[in-house]
>>> print(open('work-v1.tsv').read())   # TSV, C-alpha atoms
chain	number	residue	atom	x	y	z
A	1	MET	CA	26.98	-13.40	10.10
A	2	ASN	CA	26.84	-12.46	13.76
A	3	PRO	CA	23.35	-13.02	15.19
A	4	HIS	CA	24.16	-11.23	18.43
A	5	PHE	CA	22.96	-7.90	17.09
A	6	LEU	CA	19.49	-9.25	17.65
A	7	ASP	CA	20.05	-9.68	21.40
A	8	ASP	CA	21.86	-6.43	22.05
A	9	ASP	CA	20.01	-3.10	21.78
A	10	VAL	CA	23.16	-1.12	21.12
A	11	ALA	CA	24.29	-3.39	18.30
A	12	LEU	CA	20.82	-3.51	16.75
A	13	LEU	CA	20.52	0.26	16.82
A	14	ALA	CA	23.98	0.63	15.29
A	15	LEU	CA	23.10	-1.74	12.47
A	16	LEU	CA	19.84	0.09	11.84
A	17	GLY	CA	21.79	3.33	11.72
A	18	GLU	CA	24.12	1.85	9.16
A	19	ALA	CA	21.21	0.67	7.02
A	20	LEU	CA	19.44	4.03	7.20
A	21	ALA	CA	22.59	6.02	6.45
A	22	GLU	CA	23.53	3.88	3.47
A	23	SER	CA	20.06	3.88	1.99
A	24	ARG	CA	19.66	7.61	2.15
A	25	HIS	CA	20.26	8.50	-1.48
A	26	PRO	CA	22.12	11.73	-2.37
A	27	ARG	CA	19.09	12.73	-4.42
A	28	ASN	CA	16.60	11.68	-1.79
A	29	ASP	CA	14.43	14.80	-2.13
A	30	GLU	CA	14.08	14.20	-5.84
A	31	LEU	CA	13.25	10.53	-5.32
A	32	MET	CA	10.66	11.48	-2.74
A	33	ALA	CA	9.07	14.02	-5.09
A	34	GLY	CA	8.93	11.46	-7.91
A	35	ALA	CA	7.34	8.91	-5.61
A	36	LEU	CA	4.69	11.32	-4.39
A	37	ALA	CA	3.92	12.34	-7.98
A	38	ALA	CA	3.36	8.70	-8.86
A	39	PHE	CA	0.10	8.82	-6.94
A	40	SER	CA	-1.54	10.48	-9.92
A	41	TYR	CA	-0.95	7.36	-12.00
A	42	ARG	CA	-3.51	5.24	-10.21
A	43	THR	CA	-6.06	3.53	-12.39
A	44	MET	CA	-9.21	4.63	-10.59
A	45	ASP	CA	-12.37	3.15	-12.05
A	46	GLN	CA	-11.05	1.55	-15.18
A	47	GLU	CA	-10.32	-2.14	-15.47
A	48	LEU	CA	-6.60	-2.65	-15.35
A	49	ALA	CA	-4.78	-4.91	-17.77
A	50	SER	CA	-1.70	-5.83	-15.75
A	51	LEU	CA	1.68	-6.47	-17.23
A	52	ILE	CA	2.06	-10.21	-16.76
A	53	TYR	CA	4.98	-10.92	-19.06
A	54	ASP	CA	7.98	-8.91	-20.23
A	55	SER	CA	10.65	-10.67	-22.25
A	56	MET	CA	13.23	-8.26	-20.88
A	57	LEU	CA	12.95	-10.03	-17.55
A	58	GLU	CA	13.50	-13.51	-18.85
A	59	PRO	CA	16.66	-15.35	-17.85
A	60	GLU	CA	18.73	-16.17	-20.85
A	61	PRO	CA	19.42	-19.63	-22.21
A	62	VAL	CA	22.63	-21.28	-21.15
A	63	GLY	CA	25.39	-21.31	-23.72
A	64	ALA	CA	24.12	-18.52	-25.92
A	65	GLU	CA	24.72	-14.84	-26.20
A	66	ARG	CA	21.98	-12.45	-27.02
A	67	THR	CA	22.20	-8.92	-28.26
A	68	LEU	CA	19.72	-6.19	-27.57
A	69	ASP	CA	18.49	-6.15	-31.16
A	70	THR	CA	15.89	-8.80	-30.46
A	71	LEU	CA	12.22	-8.01	-30.11
A	72	ARG	CA	10.76	-7.18	-26.75
A	73	THR	CA	7.48	-8.94	-26.04
A	74	ILE	CA	5.01	-7.70	-23.43
A	75	VAL	CA	1.68	-9.16	-22.43
A	76	PHE	CA	-0.99	-7.24	-20.52
A	77	GLU	CA	-3.91	-9.14	-19.06
A	78	ALA	CA	-7.29	-8.06	-17.73
A	79	ASP	CA	-10.19	-10.31	-16.79
A	80	GLU	CA	-11.74	-10.55	-20.23
A	81	VAL	CA	-9.12	-9.27	-22.60
A	82	SER	CA	-5.39	-9.35	-23.02
A	83	ILE	CA	-3.04	-7.39	-25.24
A	84	GLU	CA	0.17	-8.84	-26.59
A	85	ILE	CA	2.72	-6.56	-28.18
A	86	GLU	CA	6.10	-6.94	-29.83
A	87	ILE	CA	8.35	-3.93	-29.81
A	88	GLY	CA	11.01	-3.85	-32.51
A	89	ASP	CA	13.12	-1.34	-34.36
A	90	LYS	CA	10.34	-0.55	-36.82
A	91	GLY	CA	7.53	-0.11	-34.32
A	92	ILE	CA	5.02	-2.04	-32.29
A	93	VAL	CA	2.97	-4.95	-33.56
A	94	GLY	CA	0.17	-6.07	-31.29
A	95	GLN	CA	-2.88	-8.21	-30.93
A	96	VAL	CA	-5.94	-8.00	-28.76
A	97	VAL	CA	-7.02	-11.39	-27.44
A	98	PRO	CA	-9.54	-12.97	-27.80
A	99	PRO	CA	-9.20	-12.04	-31.46
A	100	GLY	CA	-11.68	-9.50	-32.72
A	101	ARG	CA	-12.06	-5.94	-33.88
A	102	ALA	CA	-11.04	-3.39	-31.26
A	103	THR	CA	-9.96	0.18	-30.84
A	104	VAL	CA	-6.57	0.70	-29.26
A	105	THR	CA	-5.54	4.12	-28.00
A	106	ALA	CA	-1.98	4.81	-26.89
A	107	GLU	CA	-1.98	7.49	-24.22
A	108	HIS	CA	1.14	9.37	-23.28
A	109	ARG	CA	1.71	11.03	-19.99
A	110	ASP	CA	1.40	14.49	-21.44
A	111	GLY	CA	-2.09	13.60	-22.59
A	112	ALA	CA	-1.27	12.93	-26.24
A	113	ARG	CA	-3.32	10.07	-27.65
A	114	ILE	CA	-2.97	8.03	-30.81
A	115	GLN	CA	-5.85	5.81	-31.78
A	116	VAL	CA	-5.78	2.84	-34.13
A	117	VAL	CA	-8.38	0.29	-35.09
A	118	THR	CA	-7.41	-3.36	-35.23
A	119	ASP	CA	-8.23	-5.73	-38.06
A	120	GLU	CA	-10.87	-8.39	-37.52
A	121	LEU	CA	-8.29	-10.58	-35.78
A	122	GLY	CA	-7.43	-7.89	-33.29
A	123	CYS	CA	-4.06	-7.08	-34.84
A	124	PHE	CA	-2.68	-3.57	-34.90
A	125	THR	CA	0.51	-1.59	-35.37
A	126	LEU	CA	1.77	1.53	-33.64
A	127	ASP	CA	4.84	3.67	-34.03
A	128	THR	CA	7.35	3.14	-31.26
A	129	PRO	CA	6.66	5.77	-28.66
A	130	GLY	CA	9.55	7.71	-27.17
A	131	ARG	CA	10.74	7.15	-23.63
A	132	GLY	CA	8.32	7.68	-20.84
A	133	PRO	CA	5.25	5.86	-19.60
A	134	VAL	CA	2.52	4.94	-22.05
A	135	ARG	CA	-0.70	3.05	-21.52
A	136	LEU	CA	-3.01	1.42	-24.00
A	137	HIS	CA	-6.78	1.77	-23.79
A	138	VAL	CA	-8.61	-1.10	-25.43
A	139	ILE	CA	-12.26	-1.08	-26.37
A	140	THR	CA	-13.76	-4.26	-27.77
A	141	LYS	CA	-17.36	-5.14	-28.41
A	142	GLY	CA	-17.76	-6.60	-24.96
A	143	THR	CA	-15.28	-4.88	-22.71
A	144	THR	CA	-12.91	-2.00	-22.09
A	145	ALA	CA	-9.62	-2.07	-20.26
A	146	VAL	CA	-6.52	0.03	-19.83
A	147	THR	CA	-2.99	-1.32	-19.46
A	148	GLU	CA	-0.76	-0.21	-16.67
A	149	TRP	CA	1.60	2.65	-17.45
A	150	THR	CA	4.69	1.13	-19.01
A	151	ASP	CA	7.77	2.50	-20.68
A	152	LEU	CA	7.59	1.00	-24.15
A	153	GLY	CA	10.38	3.05	-25.67
A	154	THR	CA	13.61	1.35	-26.63
A	155	PRO	CA	16.26	1.97	-23.97
A	156	ASN	CA	19.30	3.87	-25.25
B	1	MET	CA	2.68	-5.27	13.23
B	2	GLU	CA	2.12	-1.95	14.90
B	3	ASN	CA	-1.40	-1.12	15.91
B	4	ASP	CA	-1.00	0.98	19.01
B	5	ASP	CA	-0.04	4.16	17.24
B	6	GLY	CA	-1.37	5.13	13.87
B	7	PRO	CA	-2.38	2.99	10.92
B	8	SER	CA	-0.74	-0.30	10.08
B	9	VAL	CA	0.87	-0.87	6.70
B	10	THR	CA	-2.19	-2.88	5.62
B	11	GLU	CA	-4.41	0.06	6.49
B	12	LEU	CA	-2.14	2.47	4.64
B	13	VAL	CA	-2.21	0.28	1.53
B	14	GLN	CA	-6.01	0.10	1.67
B	15	ALA	CA	-6.37	3.83	2.24
B	16	ALA	CA	-3.96	4.73	-0.55
B	17	SER	CA	-5.80	2.34	-2.83
B	18	ASP	CA	-8.99	4.24	-1.99
B	19	GLY	CA	-7.37	7.52	-3.01
B	20	ASP	CA	-5.96	8.79	0.30
B	21	GLN	CA	-2.89	10.81	-0.64
B	22	GLU	CA	-1.60	11.10	2.92
B	23	ALA	CA	-1.60	7.33	3.22
B	24	TRP	CA	0.42	7.18	0.00
B	25	GLU	CA	2.90	9.69	1.41
B	26	SER	CA	3.30	7.57	4.50
B	27	LEU	CA	4.01	4.49	2.39
B	28	VAL	CA	6.57	6.45	0.37
B	29	LYS	CA	8.43	7.61	3.50
B	30	ARG	CA	8.46	4.11	4.93
B	31	TYR	CA	9.56	2.21	1.85
B	32	LEU	CA	11.73	4.53	-0.24
B	33	PRO	CA	14.84	3.46	1.73
B	34	LEU	CA	14.19	-0.16	0.77
B	35	ILE	CA	14.14	0.80	-2.91
B	36	THR	CA	17.38	2.74	-2.70
B	37	CYS	CA	18.90	-0.14	-0.73
B	38	VAL	CA	18.16	-2.53	-3.61
B	39	GLY	CA	19.46	0.03	-6.10
B	40	LEU	CA	22.66	0.21	-4.09
B	41	ARG	CA	23.00	-3.55	-4.29
B	42	TYR	CA	23.02	-3.37	-8.07
B	43	ARG	CA	25.10	-0.18	-8.12
B	44	VAL	CA	22.81	1.73	-10.46
B	45	SER	CA	23.70	5.32	-11.34
B	46	ASP	CA	21.95	8.24	-9.65
B	47	ASP	CA	19.97	9.03	-12.81
B	48	ASP	CA	18.91	5.42	-13.16
B	49	MET	CA	17.96	5.28	-9.50
B	50	ALA	CA	15.58	8.20	-9.99
B	51	ASP	CA	13.96	6.50	-13.02
B	52	ILE	CA	13.81	3.12	-11.33
B	53	SER	CA	12.32	4.52	-8.16
B	54	GLN	CA	9.58	6.39	-9.96
B	55	THR	CA	8.79	3.37	-12.13
B	56	VAL	CA	8.42	1.19	-9.05
B	57	TRP	CA	6.07	3.66	-7.37
B	58	ILE	CA	4.00	4.04	-10.55
B	59	GLN	CA	3.61	0.28	-10.70
B	60	LEU	CA	2.82	0.04	-7.01
B	61	VAL	CA	0.05	2.63	-7.12
B	62	GLN	CA	-1.65	0.64	-9.86
B	63	HIS	CA	-1.28	-2.68	-8.07
B	64	LEU	CA	-2.20	-1.60	-4.56
B	65	PRO	CA	-5.51	-3.49	-4.56
B	66	GLU	CA	-3.61	-6.78	-5.07
B	67	ILE	CA	-1.44	-6.35	-1.99
B	68	ARG	CA	-3.56	-7.89	0.70
B	69	THR	CA	-1.17	-8.60	3.54
B	70	PRO	CA	1.53	-6.46	5.14
B	71	ALA	CA	4.04	-9.19	4.45
B	72	ALA	CA	3.41	-8.97	0.72
B	73	LEU	CA	4.41	-5.32	0.29
B	74	PRO	CA	8.18	-5.39	1.00
B	75	GLY	CA	8.60	-8.54	-1.10
B	76	TRP	CA	6.72	-6.93	-3.97
B	77	ILE	CA	8.83	-3.78	-3.70
B	78	VAL	CA	12.14	-5.63	-3.62
B	79	THR	CA	11.21	-7.90	-6.54
B	80	THR	CA	9.93	-5.02	-8.65
B	81	THR	CA	12.94	-2.83	-7.89
B	82	ARG	CA	15.25	-5.69	-8.70
B	83	ASN	CA	13.47	-6.24	-12.04
B	84	GLU	CA	13.81	-2.57	-12.95
B	85	CYS	CA	17.50	-2.64	-11.99
B	86	PHE	CA	17.91	-5.69	-14.17
B	87	LYS	CA	16.37	-3.91	-17.16
B	88	VAL	CA	18.68	-0.96	-16.70
B	89	LEU	CA	21.77	-3.15	-16.37
B	90	LYS	CA	20.76	-5.12	-19.43
B	91	ALA	CA	20.16	-1.99	-21.47
B	92	GLY	CA	23.64	-0.83	-20.63
B	93	ARG	CA	25.26	-3.73	-22.44
B	94	ARG	CA	25.05	-4.63	-26.10
B	95	THR	CA	25.73	-8.25	-25.27
B	96	ILE	CA	25.76	-9.82	-21.89
B	97	PRO	CA	27.20	-13.11	-20.72
B	98	VAL	CA	24.36	-15.54	-20.32
B	99	ASP	CA	25.00	-17.14	-17.03
B	100	SER	CA	24.99	-13.64	-15.69
B	101	LEU	CA	21.97	-13.99	-13.45
B	102	MET	CA	22.12	-10.91	-11.34
B	103	ASP	CA	23.72	-12.59	-8.39
B	104	GLN	CA	26.45	-14.17	-10.44
B	105	PHE	CA	28.31	-11.12	-11.56
B	106	SER	CA	29.14	-7.75	-10.17
B	107	PRO	CA	27.43	-4.96	-12.05
B	108	VAL	CA	30.30	-2.68	-11.21
B	109	THR	CA	33.26	-4.68	-12.39
B	110	GLY	CA	31.60	-7.22	-14.67
B	111	ARG	CA	33.60	-9.93	-13.00
B	112	THR	CA	32.07	-13.15	-11.76
B	113	ARG	CA	31.50	-13.96	-8.13
B	114	ALA	CA	34.49	-16.30	-8.14
B	115	GLU	CA	36.74	-13.47	-9.24
B	116	GLU	CA	35.47	-10.97	-6.69
B	117	PRO	CA	35.62	-12.43	-3.17
B	118	ASP	CA	34.19	-9.34	-1.47
B	119	PHE	CA	31.02	-9.57	-3.50
B	120	ASP	CA	29.43	-12.20	-1.26
B	121	GLU	CA	30.17	-10.12	1.79
B	122	PHE	CA	28.65	-7.12	0.08
B	123	LEU	CA	25.51	-9.09	-0.75
B	124	VAL	CA	25.17	-10.40	2.79
B	125	ARG	CA	25.43	-6.91	4.19
B	126	GLU	CA	22.86	-5.59	1.74
B	127	GLU	CA	20.48	-8.42	2.59
B	128	ARG	CA	20.81	-7.57	6.23
B	129	HIS	CA	20.14	-3.90	5.53
B	130	ALA	CA	17.10	-4.74	3.45
B	131	ALA	CA	15.69	-6.86	6.28
B	132	LEU	CA	16.26	-4.07	8.80
B	133	LEU	CA	14.69	-1.47	6.56
B	134	THR	CA	11.70	-3.74	6.02
B	135	ALA	CA	11.29	-4.23	9.75
B	136	PHE	CA	11.76	-0.52	10.39
B	137	ALA	CA	9.12	0.42	7.81
B	138	GLU	CA	6.51	-1.47	9.82
B	139	LEU	CA	7.08	0.34	13.11
B	140	SER	CA	4.76	3.08	14.25
B	141	ASP	CA	5.51	6.70	13.32
B	142	GLN	CA	6.52	7.42	16.91
B	143	HIS	CA	8.96	4.52	17.06
B	144	ARG	CA	10.40	5.31	13.65
B	145	SER	CA	10.89	8.97	14.51
B	146	LEU	CA	12.63	8.13	17.76
B	147	LEU	CA	14.97	5.51	16.34
B	148	ALA	CA	15.83	7.78	13.40
B	149	LEU	CA	16.90	10.49	15.86
B	150	LEU	CA	18.83	8.02	17.99
B	151	VAL	CA	21.06	6.96	15.09
B	152	VAL	CA	22.01	10.48	14.05
B	153	ASP	CA	25.75	11.04	13.99
B	154	PRO	CA	27.04	13.02	15.86
B	155	PRO	CA	24.47	11.92	18.47
B	156	LEU	CA	21.72	14.22	19.63
B	157	SER	CA	21.20	14.78	23.34
B	158	TYR	CA	18.07	13.43	24.99
B	159	GLU	CA	17.08	17.07	25.59
B	160	GLU	CA	17.23	17.70	21.88
B	161	ILE	CA	15.31	14.54	21.05
B	162	SER	CA	12.72	15.32	23.70
B	163	ALA	CA	12.18	18.76	22.20
B	164	ARG	CA	11.94	17.51	18.63
B	165	LEU	CA	9.49	14.74	19.41
B	166	ASP	CA	7.62	16.51	22.16
B	167	MET	CA	8.33	13.48	24.33
B	168	PRO	CA	9.35	13.66	28.01
B	169	ILE	CA	13.05	12.87	28.50
B	170	GLY	CA	12.18	10.11	30.93
B	171	GLY	CA	10.11	8.43	28.24
B	172	ILE	CA	12.93	8.17	25.73
B	173	GLY	CA	14.70	5.20	27.29
B	174	PRO	CA	11.60	3.01	27.69
B	175	THR	CA	10.27	3.97	24.24
B	176	ARG	CA	13.65	3.18	22.71
B	177	ALA	CA	13.60	-0.24	24.34
B	178	ARG	CA	10.06	-0.93	23.14
B	179	ALA	CA	10.85	0.21	19.61
B	180	LEU	CA	13.95	-1.97	19.39
B	181	ASP	CA	12.01	-4.88	20.79
B	182	ARG	CA	9.38	-4.49	18.07
B	183	LEU	CA	12.10	-4.24	15.48
B	184	ARG	CA	13.82	-7.35	16.81
B	185	ARG	CA	10.61	-9.39	16.78
B	186	SER	CA	9.65	-8.38	13.26
B	187	PRO	CA	9.05	-11.26	10.81
B	188	ALA	CA	11.53	-9.66	8.41
B	189	LEU	CA	14.39	-10.13	10.87
B	190	ALA	CA	13.25	-13.64	11.71
B	191	ALA	CA	13.40	-14.45	8.00
B	192	LEU	CA	16.92	-13.06	7.86
B	193	MET	CA	18.04	-15.21	10.75
B	194	SER	CA	16.61	-18.36	9.20
B	195	GLY	CA	18.33	-17.58	5.91
B	196	ASN	CA	15.29	-16.64	3.85
B	197	LEU	CA	15.56	-13.60	1.64
B	198	THR	CA	13.19	-10.68	1.97
B	199	GLU	CA	12.26	-10.98	-1.67
B	200	ASP	CA	9.07	-12.38	-3.01
B	201	THR	CA	10.20	-15.72	-4.43
B	202	THR	CA	7.75	-15.74	-7.32
B	203	LYS	CA	8.67	-13.47	-10.16
B	204	ARG	CA	6.14	-10.85	-11.11
B	205	THR	CA	6.49	-11.56	-14.77
B	206	GLY	CA	7.85	-14.22	-16.98
B	207	LYS	CA	7.19	-17.06	-14.52
>>> encode(input="work-v1.tsv", output="structure tokens")
Amino acid sequence: MNPHFLDDDVALLALLGEALAESRHPRNDELMAGALAAFSYRTMDQELASLIYDSMLEPEPVGAERTLDTLRTIVFEADEVSIEIEIGDKGIVGQVVPPGRATVTAEHRDGARIQVVTDELGCFTLDTPGRGPVRLHVITKGTTAVTEWTDLGTPN
Amino acid sequence: MENDDGPSVTELVQAASDGDQEAWESLVKRYLPLITCVGLRYRVSDDDMADISQTVWIQLVQHLPEIRTPAALPGWIVTTTRNECFKVLKAGRRTIPVDSLMDQFSPVTGRTRAEEPDFDEFLVREERHAALLTAFAELSDQHRSLLALLVVDPPLSYEEISARLDMPIGGIGPTRARALDRLRRSPALAALMSGNLTEDTTKRTGK
């Protein structure tokens, strides 16, 4: 790697030009529009349960092969409550932690909502949503939280 | 960090977090090239790039309050974009070889680094571009506008640039020098020179 581009204005400008030209995507206008539209996804006043674990991002063990038929596990965490879900072929199985009765509402981007009540251990099931961002609203006796928008659908 | 002309990145993040849509727009213009740069590194399709980009921005808007320093934002963006690229690449394969950490194999050919000698060169170039784009994103609007016009090919005349920016022709040279100096002294380029990557070294998820 030649460090001289840092000393020479002409070389630095040329390299910047190269970086800018290459990173300008053919569908830049569309990307820009999508990015601007994302502003409407902000959480505002609700307590956010952040996605802190997604099994899809785990490195895989050495010496083994894994197919995509395995379950996907996601954990969302807020200050006082967390939601763990497993997404499989048959649907979503989840638990609200600490264990206890709660109401879980799956909200889709188009506004559609599906509400389920957990058992006394906080366990619930949901049908697998289609593609597209979904967030889960959780109401327990002591707290409410909403997960970040996440695509929970199975990739094709 | 620019503070002589317009808001700094830290201020933009704070303002966007408080609901300022213009601040959000400014962040989008500054950092979209970094996202597409990472997407290029992993050779994602155009459709996937559109999905990945929007997913990254949706995550960012929800996590803005956690980004407290200007240095944290580009690292967060690169790590998150990389993770989304990884998910897409993984979804595209029914089985994948397990020592296929993203830097070990080429997403395009599926061959390992040892089998594709140009891959390292490609990665180095992309790292350099990412560092430059990160540094560029932190310049003031005036400096960014000027440098963007100066790299247009075929080149614009100084008359043309002066008209577009409403800047006196005599000011172009000195402003160019100042802008490049800021770029050169950016922490992102220093990190590149010392061999550190622009990415946040802690994973967002999965620890």
>>> atom_distance(input="work-v1.tsv", atom1="CA of Arg109 in chain A", atom2="CA of Ala38 in chain A")
11.5 Å
>>> residues_around(input="work-v1.tsv", residues="Pro98 in chain A", least_positions_apart="2", cutoff="10 Å", atoms="all atoms listed in the file", output="PyMOL selection string")
chain A and resi 80-83+95-96+100-101+121-122+140
>>> atom_distance(input="work-v1.tsv", atom1="CA of Val13 in chain B", atom2="CA of Thr134 in chain B")
15.2 Å
>>> residues_near_point(input="work-v1.tsv", point="(-0.5, 4.9, 9.3)", cutoff="12 Å", atoms="all atoms listed in the file", output="PyMOL selection string")
chain B and resi 1-16+20-30+137-142+144
>>> closest_residue(input="work-v1.tsv", among="B:Leu147, B:Ile172, B:Ile77, B:Ala191", to="chain A", atoms="all atoms listed in the file")
B:Leu147
>>> axis_aligned_box(input="work-v1.tsv", around="range 18-21 of chain B", padding_each_side="8 Å", output="lines of an AutoDock Vina configuration file")
center_x = -5.9
center_y = 7.5
center_z = -1.4
size_x = 22.1
size_y = 22.6
size_z = 19.3
>>> decode(input="work-v1.tsv", residues="range 94-102 of chain A", atoms="all heavy atoms", output="compact mmCIF listing (two decimals), in the first residue's frame")
# COMPACT_ATOMS: atom_id res chain seq x y z
N GLY A 94 -41.79 -18.43 21.57
CA GLY A 94 -41.06 -17.40 22.29
C GLY A 94 -41.33 -17.42 23.78
O GLY A 94 -42.22 -18.11 24.27
N GLN A 95 -40.50 -16.69 24.49
CA GLN A 95 -40.71 -16.54 25.92
C GLN A 95 -40.34 -15.14 26.36
O GLN A 95 -39.33 -14.57 25.93
CB GLN A 95 -39.87 -17.55 26.71
CG GLN A 95 -40.19 -17.48 28.22
CD GLN A 95 -39.49 -18.52 29.03
OE1 GLN A 95 -38.43 -19.00 28.64
NE2 GLN A 95 -40.07 -18.86 30.16
N VAL A 96 -41.16 -14.60 27.23
CA VAL A 96 -40.88 -13.32 27.85
C VAL A 96 -40.15 -13.60 29.17
O VAL A 96 -40.56 -14.44 29.94
CB VAL A 96 -42.19 -12.54 28.12
CG1 VAL A 96 -41.89 -11.24 28.87
CG2 VAL A 96 -42.91 -12.25 26.81
N VAL A 97 -39.07 -12.90 29.37
CA VAL A 97 -38.25 -13.11 30.57
C VAL A 97 -38.12 -11.78 31.30
O VAL A 97 -37.85 -10.77 30.66
CB VAL A 97 -36.85 -13.62 30.16
CG1 VAL A 97 -35.92 -13.73 31.36
CG2 VAL A 97 -36.97 -14.95 29.43
N PRO A 98 -38.26 -11.71 32.64
CA PRO A 98 -38.47 -12.84 33.55
C PRO A 98 -39.83 -13.50 33.33
O PRO A 98 -40.77 -12.81 32.89
CB PRO A 98 -38.40 -12.19 34.95
CG PRO A 98 -38.61 -10.75 34.73
CD PRO A 98 -38.16 -10.43 33.35
N PRO A 99 -39.92 -14.78 33.59
CA PRO A 99 -41.13 -15.53 33.25
C PRO A 99 -42.37 -14.97 33.95
O PRO A 99 -42.33 -14.66 35.14
CB PRO A 99 -40.82 -16.95 33.76
CG PRO A 99 -39.35 -17.00 33.90
CD PRO A 99 -38.90 -15.60 34.23
N GLY A 100 -43.43 -14.88 33.21
CA GLY A 100 -44.68 -14.37 33.79
C GLY A 100 -45.66 -14.09 32.68
O GLY A 100 -45.29 -14.00 31.52
N ARG A 101 -46.90 -13.96 33.06
CA ARG A 101 -47.95 -13.70 32.06
C ARG A 101 -47.69 -12.36 31.39
O ARG A 101 -47.37 -11.38 32.05
CB ARG A 101 -49.30 -13.68 32.77
CG ARG A 101 -50.48 -13.56 31.84
CD ARG A 101 -50.96 -14.90 31.33
NE ARG A 101 -51.49 -15.75 32.39
CZ ARG A 101 -51.90 -17.01 32.18
NH1 ARG A 101 -51.86 -17.54 30.99
NH2 ARG A 101 -52.36 -17.71 33.18
N ALA A 102 -47.88 -12.34 30.07
CA ALA A 102 -47.69 -11.09 29.32
C ALA A 102 -48.54 -11.13 28.07
O ALA A 102 -49.02 -12.18 27.65
CB ALA A 102 -46.22 -10.92 28.94
